[in-house]
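> File name model-v6.txt; file contents compact mmCIF, N, CA and C atoms and all ligand atoms; full text below.
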# COMPACT_ATOMS: atom_id res chain seq x y z
N MET A 8 24.53 -42.70 32.18
CA MET A 8 24.58 -42.45 30.74
C MET A 8 23.39 -43.10 30.04
N ALA A 9 22.82 -42.39 29.08
CA ALA A 9 21.65 -42.91 28.36
C ALA A 9 22.04 -44.14 27.54
N THR A 10 21.16 -45.13 27.51
CA THR A 10 21.41 -46.30 26.65
C THR A 10 21.11 -45.90 25.21
N VAL A 11 21.63 -46.70 24.29
CA VAL A 11 21.38 -46.44 22.87
C VAL A 11 19.88 -46.42 22.58
N PHE A 12 19.12 -47.22 23.33
CA PHE A 12 17.67 -47.26 23.09
C PHE A 12 17.00 -45.98 23.59
N GLU A 13 17.50 -45.41 24.69
CA GLU A 13 16.96 -44.12 25.14
C GLU A 13 17.22 -43.05 24.07
N MET A 14 18.39 -43.11 23.46
CA MET A 14 18.71 -42.13 22.41
C MET A 14 17.80 -42.33 21.19
N ILE A 15 17.48 -43.59 20.90
CA ILE A 15 16.56 -43.88 19.79
C ILE A 15 15.15 -43.39 20.14
N ILE A 16 14.71 -43.67 21.37
CA ILE A 16 13.37 -43.24 21.80
C ILE A 16 13.26 -41.72 21.73
N ASN A 17 14.33 -41.03 22.15
CA ASN A 17 14.32 -39.55 22.13
C ASN A 17 14.50 -38.97 20.73
N GLY A 18 14.82 -39.83 19.76
CA GLY A 18 15.01 -39.35 18.39
C GLY A 18 16.40 -38.81 18.13
N ASP A 19 17.34 -39.05 19.07
CA ASP A 19 18.71 -38.57 18.88
C ASP A 19 19.49 -39.47 17.91
N ILE A 20 19.03 -40.72 17.78
CA ILE A 20 19.63 -41.66 16.83
C ILE A 20 18.49 -42.14 15.94
N PRO A 21 18.70 -42.17 14.61
CA PRO A 21 17.61 -42.61 13.73
C PRO A 21 17.33 -44.11 13.88
N SER A 22 16.10 -44.48 13.60
CA SER A 22 15.75 -45.91 13.62
C SER A 22 14.58 -46.12 12.68
N THR A 23 14.39 -47.37 12.30
CA THR A 23 13.21 -47.72 11.49
C THR A 23 12.13 -48.18 12.45
N ARG A 24 11.13 -47.34 12.64
CA ARG A 24 10.10 -47.58 13.64
C ARG A 24 8.94 -48.36 13.05
N LEU A 25 8.49 -49.38 13.78
CA LEU A 25 7.37 -50.21 13.32
C LEU A 25 6.10 -49.93 14.09
N TYR A 26 6.25 -49.46 15.33
CA TYR A 26 5.07 -49.25 16.20
C TYR A 26 5.54 -48.44 17.40
N GLU A 27 4.60 -47.65 17.94
CA GLU A 27 4.92 -46.88 19.15
C GLU A 27 3.66 -46.63 19.94
N ASP A 28 3.73 -46.74 21.25
CA ASP A 28 2.65 -46.26 22.12
C ASP A 28 3.29 -45.68 23.37
N ASP A 29 2.48 -45.42 24.40
CA ASP A 29 3.05 -44.74 25.57
C ASP A 29 4.00 -45.63 26.37
N GLN A 30 3.94 -46.93 26.17
CA GLN A 30 4.78 -47.82 26.98
C GLN A 30 5.96 -48.44 26.25
N CYS A 31 5.86 -48.53 24.93
CA CYS A 31 6.95 -49.19 24.20
C CYS A 31 7.10 -48.68 22.78
N LEU A 32 8.27 -49.00 22.24
CA LEU A 32 8.60 -48.66 20.85
C LEU A 32 9.10 -49.93 20.18
N VAL A 33 8.72 -50.15 18.93
CA VAL A 33 9.23 -51.30 18.18
C VAL A 33 10.04 -50.77 17.00
N ILE A 34 11.28 -51.28 16.89
CA ILE A 34 12.16 -50.87 15.77
C ILE A 34 12.76 -52.11 15.14
N LEU A 35 13.33 -51.92 13.95
CA LEU A 35 14.12 -53.00 13.34
C LEU A 35 15.50 -53.02 13.97
N ASP A 36 15.99 -54.22 14.29
CA ASP A 36 17.36 -54.38 14.79
C ASP A 36 18.35 -54.03 13.67
N ILE A 37 19.34 -53.22 13.99
CA ILE A 37 20.29 -52.74 12.99
C ILE A 37 21.19 -53.86 12.45
N ASN A 38 21.29 -54.91 13.24
CA ASN A 38 22.19 -56.02 12.90
C ASN A 38 21.40 -57.34 13.04
N PRO A 39 20.44 -57.55 12.12
CA PRO A 39 19.44 -58.60 12.33
C PRO A 39 19.97 -60.03 12.21
N ILE A 40 19.40 -60.90 13.01
CA ILE A 40 19.68 -62.33 12.85
C ILE A 40 19.03 -62.80 11.56
N SER A 41 17.83 -62.28 11.26
CA SER A 41 17.26 -62.42 9.91
C SER A 41 16.52 -61.12 9.61
N LYS A 42 16.38 -60.79 8.33
CA LYS A 42 15.80 -59.50 7.96
C LYS A 42 14.37 -59.41 8.46
N GLY A 43 14.06 -58.30 9.11
CA GLY A 43 12.76 -58.13 9.75
C GLY A 43 12.84 -58.29 11.26
N HIS A 44 13.99 -58.74 11.77
CA HIS A 44 14.24 -58.89 13.22
C HIS A 44 13.86 -57.58 13.92
N ALA A 45 12.90 -57.68 14.84
CA ALA A 45 12.37 -56.48 15.50
C ALA A 45 12.70 -56.50 16.99
N LEU A 46 12.76 -55.31 17.57
CA LEU A 46 13.00 -55.16 19.01
C LEU A 46 11.84 -54.39 19.61
N VAL A 47 11.19 -54.98 20.62
CA VAL A 47 10.14 -54.29 21.37
C VAL A 47 10.82 -53.73 22.61
N ILE A 48 10.88 -52.42 22.70
CA ILE A 48 11.70 -51.74 23.73
C ILE A 48 10.79 -50.97 24.67
N SER A 49 11.01 -51.11 25.98
CA SER A 49 10.20 -50.32 26.92
C SER A 49 10.59 -48.85 26.80
N LYS A 50 9.60 -47.97 26.88
CA LYS A 50 9.88 -46.52 26.77
C LYS A 50 10.72 -46.08 27.96
N LYS A 51 10.34 -46.56 29.16
CA LYS A 51 11.11 -46.22 30.35
C LYS A 51 12.23 -47.26 30.46
N CYS A 52 13.40 -46.83 30.86
CA CYS A 52 14.54 -47.76 30.91
C CYS A 52 14.54 -48.60 32.18
N TYR A 53 14.23 -49.88 32.02
CA TYR A 53 14.45 -50.87 33.08
C TYR A 53 15.56 -51.77 32.57
N PRO A 54 16.64 -51.95 33.33
CA PRO A 54 17.78 -52.70 32.78
C PRO A 54 17.44 -54.13 32.38
N THR A 55 16.70 -54.84 33.22
CA THR A 55 16.53 -56.29 32.96
C THR A 55 15.08 -56.73 33.13
N PHE A 56 14.85 -57.96 32.75
CA PHE A 56 13.59 -58.69 32.93
C PHE A 56 13.16 -58.68 34.40
N THR A 57 14.16 -58.71 35.27
CA THR A 57 13.91 -58.75 36.71
C THR A 57 13.37 -57.41 37.22
N ASP A 58 13.74 -56.33 36.56
CA ASP A 58 13.40 -54.99 37.05
C ASP A 58 12.06 -54.47 36.53
N ILE A 59 11.66 -54.92 35.36
CA ILE A 59 10.52 -54.28 34.69
C ILE A 59 9.20 -54.66 35.38
N PRO A 60 8.29 -53.70 35.57
CA PRO A 60 6.99 -54.05 36.16
C PRO A 60 6.24 -55.03 35.25
N MET A 61 5.56 -55.98 35.89
CA MET A 61 4.87 -57.05 35.17
C MET A 61 3.84 -56.48 34.17
N GLU A 62 3.18 -55.39 34.57
CA GLU A 62 2.16 -54.79 33.70
C GLU A 62 2.78 -54.31 32.37
N THR A 63 3.96 -53.69 32.48
CA THR A 63 4.64 -53.20 31.27
C THR A 63 5.11 -54.38 30.42
N LEU A 64 5.66 -55.39 31.08
CA LEU A 64 6.14 -56.57 30.36
C LEU A 64 4.99 -57.27 29.64
N SER A 65 3.85 -57.38 30.32
CA SER A 65 2.68 -58.03 29.70
C SER A 65 2.26 -57.26 28.45
N HIS A 66 2.25 -55.95 28.57
CA HIS A 66 1.87 -55.13 27.42
C HIS A 66 2.86 -55.34 26.27
N MET A 67 4.15 -55.38 26.60
CA MET A 67 5.17 -55.58 25.56
C MET A 67 5.02 -56.95 24.90
N MET A 68 4.62 -57.96 25.68
CA MET A 68 4.40 -59.29 25.10
C MET A 68 3.21 -59.27 24.13
N GLU A 69 2.19 -58.50 24.47
CA GLU A 69 1.05 -58.37 23.55
C GLU A 69 1.50 -57.75 22.23
N VAL A 70 2.37 -56.72 22.34
CA VAL A 70 2.87 -56.06 21.14
C VAL A 70 3.77 -57.04 20.37
N ALA A 71 4.60 -57.79 21.08
CA ALA A 71 5.49 -58.78 20.43
C ALA A 71 4.64 -59.79 19.65
N ARG A 72 3.50 -60.15 20.19
CA ARG A 72 2.64 -61.12 19.49
C ARG A 72 2.08 -60.52 18.19
N LYS A 73 1.78 -59.22 18.23
CA LYS A 73 1.31 -58.57 16.99
C LYS A 73 2.43 -58.51 15.96
N ILE A 74 3.66 -58.26 16.41
CA ILE A 74 4.80 -58.24 15.48
C ILE A 74 5.03 -59.63 14.89
N ASP A 75 4.92 -60.64 15.74
CA ASP A 75 5.04 -62.03 15.27
C ASP A 75 4.03 -62.28 14.14
N GLN A 76 2.79 -61.85 14.36
CA GLN A 76 1.75 -62.08 13.34
C GLN A 76 2.06 -61.31 12.06
N LYS A 77 2.58 -60.08 12.24
CA LYS A 77 2.91 -59.26 11.07
C LYS A 77 4.05 -59.90 10.27
N GLN A 78 5.03 -60.46 10.98
CA GLN A 78 6.15 -61.12 10.28
C GLN A 78 5.64 -62.35 9.53
N ARG A 79 4.68 -63.06 10.11
CA ARG A 79 4.10 -64.23 9.43
C ARG A 79 3.32 -63.78 8.18
N ASP A 80 2.56 -62.68 8.32
CA ASP A 80 1.71 -62.22 7.21
C ASP A 80 2.55 -61.57 6.11
N ALA A 81 3.44 -60.63 6.50
CA ALA A 81 4.12 -59.80 5.50
C ALA A 81 5.37 -60.45 4.94
N LEU A 82 6.05 -61.25 5.76
CA LEU A 82 7.31 -61.88 5.32
C LEU A 82 7.14 -63.36 5.03
N LYS A 83 5.94 -63.87 5.34
CA LYS A 83 5.68 -65.31 5.22
C LYS A 83 6.61 -66.11 6.14
N ALA A 84 6.95 -65.49 7.29
CA ALA A 84 7.74 -66.22 8.30
C ALA A 84 6.94 -67.45 8.72
N GLU A 85 7.66 -68.57 8.87
CA GLU A 85 6.99 -69.81 9.27
C GLU A 85 7.06 -70.00 10.78
N GLY A 86 7.89 -69.17 11.43
CA GLY A 86 8.03 -69.22 12.87
C GLY A 86 8.78 -67.98 13.33
N THR A 87 8.91 -67.84 14.63
CA THR A 87 9.70 -66.72 15.17
C THR A 87 10.42 -67.20 16.42
N ASN A 88 11.52 -66.56 16.74
CA ASN A 88 12.10 -66.69 18.07
C ASN A 88 11.74 -65.42 18.83
N ILE A 89 11.11 -65.59 19.99
CA ILE A 89 10.78 -64.47 20.88
C ILE A 89 11.78 -64.60 22.03
N MET A 90 12.65 -63.62 22.17
CA MET A 90 13.82 -63.83 23.02
C MET A 90 14.12 -62.59 23.88
N ILE A 91 14.48 -62.84 25.12
CA ILE A 91 14.98 -61.75 25.98
C ILE A 91 16.34 -62.20 26.52
N ASN A 92 17.37 -61.43 26.23
CA ASN A 92 18.66 -61.66 26.89
C ASN A 92 18.60 -60.90 28.21
N ASN A 93 18.80 -61.60 29.30
CA ASN A 93 18.54 -61.05 30.63
C ASN A 93 19.83 -60.99 31.44
N SER A 94 20.45 -59.82 31.47
CA SER A 94 21.72 -59.54 32.17
C SER A 94 22.91 -59.92 31.29
N PRO A 95 24.03 -59.24 31.52
CA PRO A 95 25.20 -59.42 30.64
C PRO A 95 25.66 -60.87 30.51
N ALA A 96 25.54 -61.66 31.57
CA ALA A 96 26.00 -63.06 31.50
C ALA A 96 25.25 -63.86 30.45
N SER A 97 24.06 -63.40 30.10
CA SER A 97 23.24 -64.12 29.10
C SER A 97 23.51 -63.61 27.69
N GLY A 98 24.35 -62.57 27.57
CA GLY A 98 24.61 -61.99 26.26
C GLY A 98 23.91 -60.67 26.04
N GLN A 99 23.24 -60.12 27.07
CA GLN A 99 22.55 -58.83 26.90
C GLN A 99 23.59 -57.72 26.74
N GLU A 100 23.50 -57.03 25.59
CA GLU A 100 24.46 -55.96 25.29
C GLU A 100 23.93 -54.60 25.73
N VAL A 101 22.63 -54.39 25.56
CA VAL A 101 22.05 -53.08 25.89
C VAL A 101 21.23 -53.23 27.18
N PRO A 102 21.65 -52.54 28.25
CA PRO A 102 20.97 -52.71 29.55
C PRO A 102 19.67 -51.91 29.64
N HIS A 103 18.76 -52.24 28.75
CA HIS A 103 17.47 -51.57 28.63
C HIS A 103 16.53 -52.63 28.06
N LEU A 104 15.63 -53.11 28.90
CA LEU A 104 14.86 -54.32 28.57
C LEU A 104 14.19 -54.24 27.19
N HIS A 105 14.37 -55.29 26.41
CA HIS A 105 13.76 -55.36 25.09
C HIS A 105 13.51 -56.81 24.73
N ILE A 106 12.49 -57.00 23.89
CA ILE A 106 12.13 -58.35 23.43
C ILE A 106 12.50 -58.45 21.96
N HIS A 107 13.30 -59.45 21.62
CA HIS A 107 13.62 -59.71 20.21
C HIS A 107 12.49 -60.53 19.59
N VAL A 108 12.07 -60.15 18.38
CA VAL A 108 11.12 -60.98 17.62
C VAL A 108 11.79 -61.24 16.28
N ILE A 109 12.19 -62.49 16.07
CA ILE A 109 13.06 -62.84 14.94
C ILE A 109 12.32 -63.77 13.99
N PRO A 110 12.11 -63.32 12.75
CA PRO A 110 11.41 -64.20 11.80
C PRO A 110 12.24 -65.42 11.44
N ARG A 111 11.58 -66.56 11.33
CA ARG A 111 12.30 -67.81 11.03
C ARG A 111 11.60 -68.57 9.91
N PHE A 112 12.42 -69.29 9.16
CA PHE A 112 11.96 -70.04 8.01
C PHE A 112 12.54 -71.45 8.10
N SER A 113 11.77 -72.44 7.67
CA SER A 113 12.26 -73.82 7.72
C SER A 113 13.60 -73.90 7.00
N GLY A 114 14.57 -74.53 7.64
CA GLY A 114 15.86 -74.77 7.00
C GLY A 114 16.72 -73.53 6.86
N ASP A 115 16.41 -72.45 7.60
CA ASP A 115 17.22 -71.23 7.46
C ASP A 115 18.57 -71.34 8.19
N GLY A 116 18.74 -72.41 8.94
CA GLY A 116 20.04 -72.68 9.56
C GLY A 116 20.42 -71.72 10.66
N LYS A 117 19.43 -70.99 11.20
CA LYS A 117 19.77 -69.98 12.20
C LYS A 117 19.42 -70.38 13.63
N THR A 118 19.07 -71.64 13.82
CA THR A 118 18.72 -72.07 15.17
C THR A 118 19.89 -71.86 16.09
N PRO A 119 19.68 -71.15 17.22
CA PRO A 119 20.80 -70.87 18.11
C PRO A 119 21.42 -72.17 18.60
N ALA A 120 22.73 -72.26 18.49
CA ALA A 120 23.41 -73.50 18.86
C ALA A 120 23.82 -73.45 20.33
N PHE A 121 22.80 -73.54 21.21
CA PHE A 121 23.13 -73.64 22.63
C PHE A 121 23.62 -75.06 22.90
N PRO A 122 24.87 -75.22 23.28
CA PRO A 122 25.31 -76.57 23.59
C PRO A 122 24.57 -77.10 24.81
N LYS A 123 24.14 -78.34 24.78
CA LYS A 123 23.34 -78.89 25.88
C LYS A 123 24.21 -79.68 26.84
N GLU A 124 23.79 -79.69 28.11
CA GLU A 124 24.51 -80.43 29.14
C GLU A 124 23.73 -81.69 29.50
N LYS A 125 24.36 -82.55 30.29
CA LYS A 125 23.66 -83.73 30.81
C LYS A 125 23.74 -83.70 32.33
N TYR A 126 22.63 -84.09 33.00
CA TYR A 126 22.67 -84.21 34.45
C TYR A 126 23.36 -85.52 34.83
N ALA A 127 24.13 -85.45 35.90
CA ALA A 127 24.68 -86.68 36.48
C ALA A 127 23.55 -87.39 37.23
N GLU A 128 23.77 -88.64 37.56
CA GLU A 128 22.79 -89.43 38.33
C GLU A 128 22.37 -88.66 39.60
N GLY A 129 21.09 -88.43 39.77
CA GLY A 129 20.58 -87.78 40.98
C GLY A 129 20.63 -86.26 40.95
N GLU A 130 21.31 -85.69 39.99
CA GLU A 130 21.52 -84.24 39.97
C GLU A 130 20.24 -83.48 39.60
N MET A 131 19.42 -84.11 38.77
CA MET A 131 18.18 -83.44 38.35
C MET A 131 17.27 -83.22 39.56
N ALA A 132 17.24 -84.18 40.47
CA ALA A 132 16.42 -84.05 41.69
C ALA A 132 16.96 -82.91 42.54
N VAL A 133 18.28 -82.76 42.60
CA VAL A 133 18.90 -81.68 43.39
C VAL A 133 18.48 -80.33 42.82
N PHE A 134 18.57 -80.19 41.49
CA PHE A 134 18.17 -78.93 40.86
C PHE A 134 16.67 -78.69 41.02
N GLY A 135 15.91 -79.77 40.96
CA GLY A 135 14.47 -79.65 41.17
C GLY A 135 14.19 -79.08 42.56
N ASP A 136 14.89 -79.59 43.58
CA ASP A 136 14.70 -79.11 44.95
C ASP A 136 15.14 -77.65 45.09
N LEU A 137 16.23 -77.30 44.39
CA LEU A 137 16.73 -75.93 44.46
C LEU A 137 15.76 -74.92 43.84
N LEU A 138 15.07 -75.34 42.79
CA LEU A 138 14.33 -74.38 41.96
C LEU A 138 12.83 -74.42 42.13
N ARG A 139 12.31 -75.43 42.84
CA ARG A 139 10.85 -75.54 42.97
C ARG A 139 10.28 -74.31 43.66
N LEU A 140 9.22 -73.73 43.11
CA LEU A 140 8.62 -72.51 43.68
C LEU A 140 7.65 -72.85 44.80
P1 LIG B 201 20.86 -57.57 23.36
O1 LIG B 201 22.14 -58.31 23.10
O2 LIG B 201 21.05 -56.46 24.37
O3 LIG B 201 19.73 -58.50 23.72
O4 LIG B 201 20.42 -56.94 21.99
C1 LIG B 201 20.72 -55.64 21.61
C2 LIG B 201 20.34 -55.51 20.15
O5 LIG B 201 20.30 -54.14 19.82
C3 LIG B 201 21.35 -56.18 19.21
O6 LIG B 201 20.69 -57.18 18.45
C4 LIG B 201 21.85 -55.03 18.34
O7 LIG B 201 22.03 -55.39 16.98
C5 LIG B 201 20.76 -53.97 18.51
N1 LIG B 201 21.26 -52.61 18.40
C6 LIG B 201 22.35 -52.09 19.04
N2 LIG B 201 22.51 -50.79 18.71
C7 LIG B 201 21.51 -50.48 17.85
C8 LIG B 201 21.15 -49.28 17.14
O8 LIG B 201 21.78 -48.23 17.24
N3 LIG B 201 20.04 -49.35 16.35
C9 LIG B 201 19.29 -50.49 16.23
N4 LIG B 201 18.22 -50.43 15.42
N5 LIG B 201 19.61 -51.63 16.86
C10 LIG B 201 20.70 -51.64 17.66
As structure tokens, please, write out the structure in this file.

Amino acid sequence: MATVFEMIINGDIPSTRLYEDDQCLVILDINPISKGHALVISKKCYPTFTDIPMETLSHMMEVARKIDQKQRDALKAEGTNIMINNSPASGQEVPHLHIHVIPRFSGDGKTPAFPKEKYAEGEMAVFGDLLRL
């Protein structure tokens, strides 16, 4: 079944388009964390960060950087969150890779409240050994 983003890319669902090229489309998120919240969406559907070819992802990051600059210029955003939810366990709702670019302002109170954990004695070394490339 087509993802909602494929339907948007095909024009079957309306969207507010900010940019388009052969590899990606940028639209406004319908349910923004802050107004101007944009989504950089790959034209071809790759479900996750893990699946998308590096070349396409690099291009999308270049476009995300232009959107970041535009949000700073046009909205006077003082910062942005550049975010990818990767797989359902992380909160990804639409299985079609996209980069969120969210305008942020000092004191806007929207900082994601990820609760932080603490390592037990010696545990950080264990995770270091598990994850070292
Ligand atoms: P995810 O949780 O997959 O990283 O983010 C999906 C995003 O897509 C959500 O922020 C959601 O608001 C947005 N979204 C879902 N359906 C639509 C839609 O039909 N139109 C637009 N513009 N955004 C959508």
> Residues within 7 Å of ligand LIG 201 (chain B), counting all atoms listed in the file: report them as a count of residues only.
25
> Please, which residues of segment 14-127 of chain A, numbered as in this document, come out strand (DSSP E or B) from DSSP, as number ranges by chain?
A: 24-27, 31-35, 45-49, 86-90, 105-111
> If we count all atoms listed in the file and set the cut-off at 6 Å, which residues sit around segment 28-33 of chain A, ignoring sequence neighbours fewer than 3 positions away in its own chain? Please answer as a PDB file with N, CA and C atoms, in the coordinates of the input.

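File produced: around14.pdb:
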ATOM      1  N   THR A  23      14.390 -47.370  12.300  1.00  0.00           N
ATOM      2  CA  THR A  23      13.210 -47.720  11.490  1.00  0.00           C
ATOM      3  C   THR A  23      12.130 -48.180  12.450  1.00  0.00           C
ATOM      4  N   ARG A  24      11.130 -47.340  12.640  1.00  0.00           N
ATOM      5  CA  ARG A  24      10.100 -47.580  13.640  1.00  0.00           C
ATOM      6  C   ARG A  24       8.940 -48.360  13.050  1.00  0.00           C
ATOM      7  N   LEU A  25       8.490 -49.380  13.780  1.00  0.00           N
ATOM      8  CA  LEU A  25       7.370 -50.210  13.320  1.00  0.00           C
ATOM      9  C   LEU A  25       6.100 -49.930  14.090  1.00  0.00           C
ATOM     10  N   LEU A  46      12.760 -55.310  17.570  1.00  0.00           N
ATOM     11  CA  LEU A  46      13.000 -55.160  19.010  1.00  0.00           C
ATOM     12  C   LEU A  46      11.840 -54.390  19.610  1.00  0.00           C
ATOM     13  N   VAL A  47      11.190 -54.980  20.620  1.00  0.00           N
ATOM     14  CA  VAL A  47      10.140 -54.290  21.370  1.00  0.00           C
ATOM     15  C   VAL A  47      10.820 -53.730  22.610  1.00  0.00           C
ATOM     16  N   ILE A  48      10.880 -52.420  22.700  1.00  0.00           N
ATOM     17  CA  ILE A  48      11.700 -51.740  23.730  1.00  0.00           C
ATOM     18  C   ILE A  48      10.790 -50.970  24.670  1.00  0.00           C
ATOM     19  N   SER A  49      11.010 -51.110  25.980  1.00  0.00           N
ATOM     20  CA  SER A  49      10.200 -50.320  26.920  1.00  0.00           C
ATOM     21  C   SER A  49      10.590 -48.850  26.800  1.00  0.00           C
ATOM     22  N   LYS A  50       9.600 -47.970  26.880  1.00  0.00           N
ATOM     23  CA  LYS A  50       9.880 -46.520  26.770  1.00  0.00           C
ATOM     24  C   LYS A  50      10.720 -46.080  27.960  1.00  0.00           C
ATOM     25  N   LYS A  51      10.340 -46.560  29.160  1.00  0.00           N
ATOM     26  CA  LYS A  51      11.110 -46.220  30.350  1.00  0.00           C
ATOM     27  C   LYS A  51      12.230 -47.260  30.460  1.00  0.00           C
TER      28      LYS A  51
END
> I'd like the interatomic distance between atom CA of Asp75 of chain A and atom CA of Ile16 of chain A, to a tenth of an Å.
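Atom-to-atom, atom CA of Asp75 of chain A and atom CA of Ile16 of chain A are spaced 21.6 Å apart.
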> Give the alpha helix (DSSP H) residues of chain A, as DSSP finds them on the backbone, and put them as an MDAnalysis selection string.
chainID A and resid 11:16 61:81 130:138
> Rounded to one decimal, what separation in Å do you get between atom CA of Lys123 of chain A and atom N of Ser41 of chain A?
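According to the coordinates, atom CA of Lys123 of chain A and atom N of Ser41 of chain A are separated by 22.8 Å.
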> Under the rule that only N, CA and C atoms are counted, which of A:Ser65, A:Phe112, A:Ala9, A:Ala45 is the nearest residue to Lys83 of chain A?
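Looking at the shortest contact to Lys83 of chain A, the residue is A:Phe112.
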> Please determine, counting all atoms listed in the file, which residue among A:Val133, A:Met8, A:Leu140, A:Ile89 has the shortest atom-to-atom distance to Ile106 of chain A.
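Distance minimum relative to Ile106 of chain A lands on A:Ile89.
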> Could you check how far atom C of Pro95 of chain A sits from atom N of Glu124 of chain A, in Å to one decimal?
19.1 Å
> In terms of the shortest atom-to-atom distance over only C-alpha atoms, which of A:Arg111, A:Lys42, A:His66, A:Lys125 is closest to Arg79 of chain A?
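Using only C-alpha atoms, Arg79 of chain A sits closest to A:Arg111.
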